[in-house]
$ cat protein-v4.tsv   # TSV, C-alpha atoms and all ligand atoms
chain	number	residue	atom	x	y	z
A	1	MET	CA	59.26	150.58	191.07
A	2	GLY	CA	58.73	148.94	187.69
A	3	LEU	CA	61.08	146.51	185.97
A	4	LEU	CA	61.41	148.96	183.05
A	5	ASP	CA	61.43	152.38	184.73
A	6	GLY	CA	63.27	154.91	182.54
A	7	LYS	CA	63.29	152.63	179.47
A	8	VAL	CA	61.84	153.49	176.08
A	9	ALA	CA	60.23	150.78	173.95
A	10	ILE	CA	58.84	150.45	170.43
A	11	VAL	CA	56.20	147.81	169.72
A	12	THR	CA	55.36	147.44	166.03
A	13	GLY	CA	51.82	146.39	165.18
A	14	SER	CA	50.62	147.19	168.71
A	15	GLY	CA	47.22	148.60	167.79
A	16	GLY	CA	45.61	145.22	168.58
A	17	GLY	CA	46.16	141.54	169.38
A	18	ILE	CA	49.44	140.44	170.96
A	19	GLY	CA	51.18	143.77	170.26
A	20	ARG	CA	48.58	145.70	172.25
A	21	CYS	CA	49.12	143.35	175.21
A	22	HIS	CA	52.90	143.90	174.89
A	23	ALA	CA	52.52	147.69	174.84
A	24	LEU	CA	50.29	147.68	177.93
A	25	ALA	CA	52.56	145.24	179.81
A	26	LEU	CA	55.70	147.30	179.03
A	27	ALA	CA	53.95	150.51	180.12
A	28	LYS	CA	52.76	148.88	183.36
A	29	GLU	CA	56.42	148.15	184.18
A	30	GLY	CA	57.32	151.81	183.63
A	31	ALA	CA	58.50	151.88	180.01
A	32	LYS	CA	57.53	154.75	177.71
A	33	VAL	CA	56.07	153.17	174.60
A	34	VAL	CA	55.86	153.95	170.89
A	35	VAL	CA	52.62	152.29	169.75
A	36	ASN	CA	53.16	151.66	166.03
A	37	ASP	CA	50.37	150.40	163.80
A	38	VAL	CA	49.21	151.10	160.24
A	39	GLY	CA	45.71	150.08	161.27
A	40	GLY	CA	44.82	147.95	158.23
A	41	ASP	CA	42.89	144.68	158.16
A	42	ARG	CA	44.31	141.19	158.71
A	43	SER	CA	45.55	140.94	155.12
A	44	GLY	CA	47.35	144.29	155.37
A	45	THR	CA	44.79	146.20	153.33
A	46	GLY	CA	43.78	149.73	154.35
A	47	ALA	CA	45.10	152.08	157.03
A	48	ALA	CA	43.67	153.95	160.02
A	49	LYS	CA	45.16	155.91	162.88
A	50	SER	CA	42.47	154.81	165.32
A	51	MET	CA	44.06	151.45	166.30
A	52	ALA	CA	47.33	152.96	167.56
A	53	ASP	CA	45.55	156.00	169.05
A	54	LYS	CA	43.24	153.76	171.10
A	55	VAL	CA	46.14	151.88	172.70
A	56	VAL	CA	47.93	155.16	173.48
A	57	ASP	CA	44.73	156.30	175.23
A	58	GLU	CA	44.60	153.03	177.20
A	59	ILE	CA	48.20	153.45	178.37
A	60	GLU	CA	47.65	157.07	179.33
A	61	ALA	CA	44.48	156.14	181.22
A	62	LEU	CA	46.64	153.79	183.32
A	63	GLY	CA	49.04	156.66	184.08
A	64	GLY	CA	51.69	155.55	181.55
A	65	GLN	CA	53.38	157.42	178.71
A	66	ALA	CA	52.97	156.52	175.05
A	67	VAL	CA	53.04	158.02	171.57
A	68	ALA	CA	51.41	156.74	168.39
A	69	ASN	CA	53.22	156.11	165.10
A	70	TYR	CA	51.41	155.04	161.93
A	71	ASP	CA	54.29	154.14	159.60
A	72	SER	CA	54.42	150.80	157.84
A	73	VAL	CA	57.33	148.64	159.01
A	74	SER	CA	57.78	147.34	155.48
A	75	SER	CA	60.03	150.12	154.15
A	76	MET	CA	63.41	151.35	155.35
A	77	GLU	CA	61.93	154.83	155.59
A	78	GLY	CA	59.12	153.53	157.80
A	79	GLY	CA	61.55	151.72	160.10
A	80	LYS	CA	63.74	154.81	160.45
A	81	ASN	CA	60.73	157.00	161.20
A	82	ILE	CA	59.46	154.61	163.89
A	83	VAL	CA	62.85	154.80	165.64
A	84	LYS	CA	62.91	158.59	165.15
A	85	THR	CA	59.50	158.83	166.85
A	86	ALA	CA	60.93	157.17	169.98
A	87	VAL	CA	64.02	159.36	170.04
A	88	ASP	CA	62.19	162.63	169.25
A	89	LYS	CA	59.48	162.04	171.84
A	90	PHE	CA	61.34	160.27	174.64
A	91	GLY	CA	65.05	160.95	173.97
A	92	ARG	CA	66.30	157.36	173.95
A	93	LEU	CA	65.58	153.79	172.87
A	94	ASP	CA	66.11	150.59	174.88
A	95	ILE	CA	63.65	148.00	173.57
A	96	LEU	CA	62.41	147.12	170.07
A	97	VAL	CA	59.60	144.59	169.70
A	98	ASN	CA	59.11	143.49	166.09
A	99	ASN	CA	55.54	142.21	166.19
A	100	ALA	CA	53.64	143.66	163.18
A	101	GLY	CA	52.18	141.03	160.90
A	102	ILE	CA	49.65	140.15	158.22
A	103	LEU	CA	48.32	136.93	156.69
A	104	ARG	CA	47.64	136.03	153.06
A	105	ASP	CA	47.21	132.26	153.16
A	106	LYS	CA	47.03	129.98	150.10
A	107	THR	CA	48.52	126.61	149.31
A	108	LEU	CA	51.71	126.69	147.23
A	109	LEU	CA	50.09	126.04	143.86
A	110	LYS	CA	47.55	128.84	144.39
A	111	MET	CA	49.98	131.34	145.93
A	112	GLU	CA	50.13	134.58	143.93
A	113	GLU	CA	53.23	136.74	143.68
A	114	ASN	CA	51.57	139.70	145.44
A	115	MET	CA	50.58	137.47	148.40
A	116	TRP	CA	54.15	136.24	148.70
A	117	ASP	CA	55.66	139.74	148.41
A	118	ALA	CA	53.25	141.41	150.85
A	119	VAL	CA	53.81	138.84	153.61
A	120	ILE	CA	57.60	138.82	153.19
A	121	ALA	CA	57.60	142.65	153.14
A	122	VAL	CA	55.76	143.11	156.44
A	123	HIS	CA	57.28	140.26	158.44
A	124	LEU	CA	60.81	139.70	157.16
A	125	LYS	CA	61.77	143.02	155.62
A	126	GLY	CA	59.79	144.84	158.31
A	127	THR	CA	61.84	143.15	161.02
A	128	PHE	CA	65.07	144.19	159.26
A	129	ALA	CA	63.81	147.72	158.49
A	130	CYS	CA	63.13	148.43	162.18
A	131	THR	CA	66.04	146.47	163.65
A	132	GLN	CA	68.82	148.15	161.66
A	133	PRO	CA	68.12	151.76	162.74
A	134	ALA	CA	67.19	150.66	166.28
A	135	ALA	CA	70.40	148.65	166.73
A	136	ALA	CA	72.49	151.51	165.31
A	137	PHE	CA	70.93	153.92	167.80
A	138	MET	CA	71.29	151.51	170.74
A	139	LYS	CA	74.93	150.91	169.90
A	140	ASP	CA	75.67	154.67	169.82
A	141	GLN	CA	73.68	155.16	173.02
A	142	GLY	CA	76.14	152.72	174.65
A	143	GLN	CA	73.80	151.17	177.22
A	144	GLY	CA	72.93	147.88	175.54
A	145	GLY	CA	69.45	147.10	174.35
A	146	ARG	CA	66.78	144.50	173.79
A	147	ILE	CA	65.35	143.34	170.48
A	148	ILE	CA	62.51	140.84	170.56
A	149	ASN	CA	61.26	139.44	167.26
A	150	THR	CA	58.16	137.38	166.52
A	151	SER	CA	58.52	134.04	164.77
A	152	SER	CA	55.97	131.24	164.45
A	153	THR	CA	55.60	127.48	164.54
A	154	SER	CA	54.41	127.91	160.93
A	155	GLY	CA	58.01	128.70	160.00
A	156	LEU	CA	59.89	126.64	162.59
A	157	LEU	CA	57.77	123.49	162.40
A	158	GLY	CA	55.63	124.03	159.25
A	159	ASN	CA	51.92	124.67	158.67
A	160	PHE	CA	49.72	123.75	155.72
A	161	GLY	CA	48.78	126.69	153.45
A	162	GLN	CA	51.33	129.19	154.75
A	163	SER	CA	54.42	128.92	152.54
A	164	ASN	CA	54.79	132.73	152.37
A	165	TYR	CA	54.19	133.29	156.08
A	166	GLY	CA	56.26	130.24	157.11
A	167	ALA	CA	59.18	131.38	154.95
A	168	ALA	CA	59.02	134.87	156.49
A	169	LYS	CA	58.84	133.52	160.04
A	170	ALA	CA	61.70	131.05	159.48
A	171	GLY	CA	63.65	133.95	157.94
A	172	ILE	CA	63.04	135.95	161.11
A	173	ALA	CA	64.45	133.03	163.11
A	174	GLY	CA	67.67	133.06	161.09
A	175	PHE	CA	67.84	136.85	161.35
A	176	THR	CA	67.42	136.58	165.13
A	177	ARG	CA	70.32	134.13	165.50
A	178	VAL	CA	72.68	136.20	163.33
A	179	CYS	CA	71.78	139.52	165.01
A	180	ALA	CA	72.25	137.91	168.45
A	181	LEU	CA	75.83	137.05	167.47
A	182	GLU	CA	76.60	140.40	165.84
A	183	LEU	CA	75.11	142.65	168.54
A	184	ALA	CA	76.38	140.76	171.61
A	185	LYS	CA	79.48	142.95	171.91
A	186	SER	CA	77.23	146.02	172.17
A	187	GLY	CA	75.24	144.44	175.00
A	188	ILE	CA	72.16	144.11	172.80
A	189	THR	CA	70.25	140.84	173.16
A	190	VAL	CA	68.09	139.49	170.32
A	191	ASN	CA	65.47	136.81	170.99
A	192	ALA	CA	62.21	135.70	169.43
A	193	LEU	CA	58.75	134.89	170.69
A	194	VAL	CA	56.84	132.03	169.10
A	195	PRO	CA	53.28	132.79	170.24
A	196	VAL	CA	50.09	130.79	170.06
A	197	ALA	CA	47.13	133.07	170.87
A	198	LYS	CA	43.57	133.77	169.86
A	199	THR	CA	43.58	137.09	167.99
A	200	ARG	CA	42.00	138.38	164.79
A	201	MET	CA	44.82	136.58	162.97
A	202	THR	CA	43.78	133.15	164.25
A	203	GLU	CA	40.19	133.43	165.54
A	204	ASP	CA	38.54	131.80	162.53
A	205	LEU	CA	40.89	128.79	162.41
A	206	PRO	CA	38.96	125.71	163.60
A	207	PHE	CA	41.32	125.07	166.52
A	208	PHE	CA	40.99	128.62	167.90
A	209	ALA	CA	37.27	128.94	167.18
A	210	ASN	CA	36.65	125.96	169.51
A	211	LEU	CA	38.49	127.45	172.50
A	212	THR	CA	36.56	128.50	175.57
A	213	GLU	CA	36.34	132.20	176.48
A	214	GLY	CA	39.75	133.56	177.56
A	215	GLU	CA	41.66	130.41	176.57
A	216	LEU	CA	44.94	131.27	174.79
A	217	ASP	CA	44.41	134.93	175.61
A	218	PRO	CA	47.18	137.01	173.93
A	219	ALA	CA	48.02	138.55	177.33
A	220	HIS	CA	49.80	135.26	178.18
A	221	ILE	CA	52.55	136.13	175.69
A	222	SER	CA	53.56	139.44	177.27
A	223	PRO	CA	55.19	138.32	180.58
A	224	VAL	CA	57.87	136.55	178.52
A	225	LEU	CA	58.30	139.74	176.47
A	226	VAL	CA	58.69	141.86	179.62
A	227	PHE	CA	61.19	139.37	181.05
A	228	LEU	CA	63.26	139.47	177.85
A	229	ALA	CA	63.04	143.28	177.73
A	230	SER	CA	64.28	143.68	181.30
A	231	ASP	CA	67.64	143.45	183.03
A	232	LEU	CA	66.52	140.02	184.34
A	233	ALA	CA	67.34	138.61	180.88
A	234	LYS	CA	70.66	140.34	180.22
A	235	ASP	CA	72.36	137.00	179.50
A	236	VAL	CA	69.59	135.49	177.36
A	237	THR	CA	70.14	135.90	173.61
A	238	GLY	CA	69.47	134.03	170.37
A	239	LYS	CA	66.63	132.01	171.97
A	240	PHE	CA	63.12	131.07	170.82
A	241	PHE	CA	60.35	131.04	173.42
A	242	LEU	CA	57.20	129.11	172.48
A	243	ILE	CA	54.28	130.43	174.53
A	244	ARG	CA	50.88	128.81	174.50
A	245	GLY	CA	48.65	130.13	177.27
A	246	PRO	CA	50.45	129.55	180.57
A	247	HIS	CA	52.84	126.99	179.02
A	248	ILE	CA	56.33	128.36	178.16
A	249	SER	CA	58.88	126.15	176.36
A	250	MET	CA	61.89	126.45	174.04
A	251	LEU	CA	62.41	125.70	170.35
A	252	GLU	CA	65.83	125.23	168.78
A	253	VAL	CA	67.53	123.87	165.67
A	254	LYS	CA	69.53	120.75	166.52
A	255	ASN	CA	72.19	118.70	164.77
A	256	ASN	CA	72.35	114.94	165.41
A	257	GLU	CA	75.55	112.93	165.76
A	258	GLY	CA	75.25	111.57	162.21
A	259	LEU	CA	77.68	109.14	160.61
A	260	LYS	CA	81.15	109.62	159.14
A	261	LYS	CA	83.26	107.41	156.84
A	262	ASP	CA	86.71	107.62	155.31
A	263	GLY	CA	86.34	109.19	151.85
A	264	MET	CA	83.27	110.12	149.86
A	265	TRP	CA	79.87	108.47	150.27
A	266	THR	CA	78.03	106.82	147.39
A	267	PRO	CA	74.23	107.27	147.15
A	268	GLN	CA	73.85	103.51	147.67
A	269	GLU	CA	75.89	103.63	150.91
A	270	ILE	CA	73.75	106.57	152.12
A	271	ALA	CA	70.61	104.49	151.43
A	272	ARG	CA	72.12	101.55	153.33
A	273	ASP	CA	72.97	103.69	156.39
A	274	ILE	CA	70.07	106.16	156.22
A	275	ASP	CA	68.58	105.11	159.57
A	276	LYS	CA	71.88	105.82	161.33
A	277	ILE	CA	72.40	109.12	159.46
A	278	MET	CA	68.90	110.34	160.24
A	279	GLY	CA	68.71	108.87	163.74
A	280	TRP	CA	68.73	110.94	166.92
A	301	LIG	P1	46.99	140.97	164.76
A	301	LIG	O1	46.51	140.97	163.37
A	301	LIG	O2	46.00	141.23	165.84
A	301	LIG	O3	48.20	141.98	164.97
A	301	LIG	C1	49.08	142.38	163.98
A	301	LIG	C2	49.15	143.90	164.00
A	301	LIG	O4	50.16	144.34	163.08
A	301	LIG	C3	47.85	144.54	163.57
A	301	LIG	O5	47.41	145.47	164.56
A	301	LIG	C4	48.18	145.22	162.25
A	301	LIG	O6	47.44	146.40	162.00
A	301	LIG	C5	49.67	145.49	162.41
A	301	LIG	N1	50.36	145.65	161.13
A	301	LIG	C6	50.17	144.91	160.01
A	301	LIG	N2	50.98	145.33	159.03
A	301	LIG	C7	51.70	146.37	159.53
A	301	LIG	C8	52.71	147.21	159.01
A	301	LIG	N3	53.13	147.07	157.74
A	301	LIG	N4	53.26	148.15	159.81
A	301	LIG	C9	52.83	148.31	161.09
A	301	LIG	N5	51.85	147.54	161.63
A	301	LIG	C10	51.30	146.59	160.88
A	301	LIG	O7	47.66	139.53	165.00
A	301	LIG	P2	48.48	138.92	166.24
A	301	LIG	O8	48.03	137.52	166.39
A	301	LIG	O9	48.42	139.82	167.40
A	301	LIG	O10	49.96	138.89	165.64
A	301	LIG	C11	51.08	139.53	166.23
A	301	LIG	C12	52.34	138.84	165.76
A	301	LIG	O11	52.37	137.50	166.28
A	301	LIG	C13	52.44	138.70	164.24
A	301	LIG	O12	53.79	138.87	163.84
A	301	LIG	C14	52.00	137.26	164.00
A	301	LIG	O13	52.51	136.77	162.79
A	301	LIG	C15	52.60	136.60	165.22
A	301	LIG	N6	52.04	135.30	165.52
A	301	LIG	C16	50.77	135.19	166.02
A	301	LIG	C17	50.27	133.93	166.33
A	301	LIG	C18	48.94	133.75	166.97
A	301	LIG	O14	48.63	132.59	167.37
A	301	LIG	N7	48.12	134.78	167.10
A	301	LIG	C19	51.04	132.70	166.06
A	301	LIG	C20	52.39	132.95	165.60
A	301	LIG	C21	52.84	134.20	165.34

$ encode --input "protein-v4.tsv" --output "structure tokens"
Amino acid sequence: MGLLDGKVAIVTGSGGGIGRCHALALAKEGAKVVVNDVGGDRSGTGAAKSMADKVVDEIEALGGQAVANYDSVSSMEGGKNIVKTAVDKFGRLDILVNNAGILRDKTLLKMEENMWDAVIAVHLKGTFACTQPAAAFMKDQGQGGRIINTSSTSGLLGNFGQSNYGAAKAGIAGFTRVCALELAKSGITVNALVPVAKTRMTEDLPFFANLTEGELDPAHISPVLVFLASDLAKDVTGKFFLIRGPHISMLEVKNNEGLKKDGMWTPQEIARDIDKIMGW
């Protein structure tokens, strides 16, 4: 008996890295998996079917069921076709994992419009383009559902040189919170992973390059994904799970107590009381 027997899952960008680990972990728990990947390089250039095909072969070699899809998440048509692949092949859809991603890093003053647009298109629009048709199908199916997005500390906490990526990942966080509210009445939970893992996306960053073999392996991210995808997490929604190796913790936006006065503040009064206003 697997935790996900009879369930059908889509994992975008699962031809490598964290997504591949997700697809394998879902299949090991009995889910039938759509392995979506355009198969380009880290910057989103190029395309190849081999990345998705290889992961389908891996799942089948383990006795699981999977189908490849090569659409880009970054168009509405692509998102619809990814959902259609799940429904045509396996007849239902229970789990959507929005994981596909690219990087085009530059500091703000060197950021070019195409770098901004490409990163926003894959991460932020891609998450919307897959979520809308998936949520519509899950709602009609009438048996709830699970949507798990992928955010980043780059967006939630900030990271030098990633204004495009950070904006997309913070946008995904806002999208996650709103969708969690809107889809609750249909029994669909919406959460986000905030991973830290050594993959092709991070391997040449100094911090990751200095890790020992196997440290921050992307496989550490997937148990949280499987938990969120399963009935064990039916009451968990709108949450952000930060996963760094075997350490799992939560991130959230907080509001302090602040300070209130009768009537309108002057800028000088704000300056006088700034420590109390900003204090936690
Ligand atoms: P990765 O580069 O190995 O995986 C991303 C996958 O998405 C690739 O297989 C790529 O071909 C695919 N992809 C790219 N554009 C696509 C598109 N338009 N349509 C379909 N597939 C597409 O990198 P990694 O690290 O596995 O990243 C997975 C997710 O985790 C990404 O959303 C990334 O931003 C996020 N993330 C990763 C962190 C890390 O430490 N590795 C940190 C924070 C977030």

$ residues_around --input "protein-v4.tsv" --residues "range 226-238 of chain A" --least-positions-apart "5" --cutoff "9 Å" --atoms "all atoms listed in the file" --output "PyMOL selection string"
chain A and resi 3-4+9+22+25-26+29+94-97+145-148+173+176-181+184+187-192

$ residues_near_ligand --input "protein-v4.tsv" --ligand "ligand LIG 301 (chain A)" --cutoff "7 Å" --atoms "all atoms listed in the file" --output "CSV table (one decimal) with C-alpha atoms, keeping the file's coordinate frame"
chain,number,residue,atom,x,y,z
A,12,THR,CA,55.4,147.4,166.0
A,13,GLY,CA,51.8,146.4,165.2
A,14,SER,CA,50.6,147.2,168.7
A,15,GLY,CA,47.2,148.6,167.8
A,16,GLY,CA,45.6,145.2,168.6
A,17,GLY,CA,46.2,141.5,169.4
A,18,ILE,CA,49.4,140.4,171.0
A,19,GLY,CA,51.2,143.8,170.3
A,36,ASN,CA,53.2,151.7,166.0
A,37,ASP,CA,50.4,150.4,163.8
A,38,VAL,CA,49.2,151.1,160.2
A,39,GLY,CA,45.7,150.1,161.3
A,40,GLY,CA,44.8,148.0,158.2
A,41,ASP,CA,42.9,144.7,158.2
A,42,ARG,CA,44.3,141.2,158.7
A,44,GLY,CA,47.4,144.3,155.4
A,70,TYR,CA,51.4,155.0,161.9
A,71,ASP,CA,54.3,154.1,159.6
A,72,SER,CA,54.4,150.8,157.8
A,73,VAL,CA,57.3,148.6,159.0
A,74,SER,CA,57.8,147.3,155.5
A,99,ASN,CA,55.5,142.2,166.2
A,100,ALA,CA,53.6,143.7,163.2
A,101,GLY,CA,52.2,141.0,160.9
A,102,ILE,CA,49.6,140.2,158.2
A,122,VAL,CA,55.8,143.1,156.4
A,123,HIS,CA,57.3,140.3,158.4
A,150,THR,CA,58.2,137.4,166.5
A,151,SER,CA,58.5,134.0,164.8
A,152,SER,CA,56.0,131.2,164.4
A,153,THR,CA,55.6,127.5,164.5
A,194,VAL,CA,56.8,132.0,169.1
A,195,PRO,CA,53.3,132.8,170.2
A,196,VAL,CA,50.1,130.8,170.1
A,197,ALA,CA,47.1,133.1,170.9
A,198,LYS,CA,43.6,133.8,169.9
A,199,THR,CA,43.6,137.1,168.0
A,200,ARG,CA,42.0,138.4,164.8
A,201,MET,CA,44.8,136.6,163.0
A,202,THR,CA,43.8,133.2,164.2

$ residues_around --input "protein-v4.tsv" --residues "range 53-59 of chain A" --least-positions-apart "2" --cutoff "7 Å" --atoms "only C-alpha atoms" --output "list in words"
Gly15, Arg20, Leu24, Ala27, Val35, Lys49, Ser50, Met51, Ala61, Leu62, Gly63, Gly64, Gln65, Ala66, Val67 and Ala68 of chain A

$ residues_near_point --input "protein-v4.tsv" --point "(55.1, 126.1, 173.5)" --cutoff "12 Å" --atoms "only C-alpha atoms" --output "ChimeraX atom specification"
/A:152-153,156-157,193-197,216,220-221,224,240-252

$ atom_distance --input "protein-v4.tsv" --atom1 "CA of Ala167 in chain A" --atom2 "CA of Glu257 in chain A"
26.9 Å

$ residues_near_point --input "protein-v4.tsv" --point "(47.9, 131.9, 154.6)" --cutoff "9 Å" --atoms "only C-alpha atoms" --output "PyMOL selection string"
chain A and resi 103-107+111+115+160-166

$ closest_residue --input "protein-v4.tsv" --among "A:Gly174, A:Gly46, A:Gly79, A:Pro223" --to "Gly126 in chain A" --atoms "all atoms listed in the file"
A:Gly79

$ atom_distance --input "protein-v4.tsv" --atom1 "CA of Ala52 in chain A" --atom2 "CA of Phe175 in chain A"
26.8 Å

$ atom_distance --input "protein-v4.tsv" --atom1 "CA of Leu93 in chain A" --atom2 "CA of Leu124 in chain A"
21.6 Å

$ closest_residue --input "protein-v4.tsv" --among "A:Ile120, A:Gln268, A:Pro133, A:Ile277" --to "Lys84 in chain A" --atoms "only C-alpha atoms"
A:Pro133

$ closest_residue --input "protein-v4.tsv" --among "A:Val33, A:Ile82, A:Ala47, A:Ala271" --to "Glu60 in chain A" --atoms "all atoms listed in the file"
A:Val33

$ residues_around --input "protein-v4.tsv" --residues "Asn81 in chain A" --least-positions-apart "4" --cutoff "9 Å" --atoms "all atoms listed in the file" --output "JSON, numbers by chain"
{"A": [69, 71, 76, 77, 85, 86, 130]}

$ closest_residue --input "protein-v4.tsv" --among "A:Asp5, A:Ile274, A:Ala168, A:Phe208" --to "Asp117 in chain A" --atoms "only C-alpha atoms"
A:Ala168
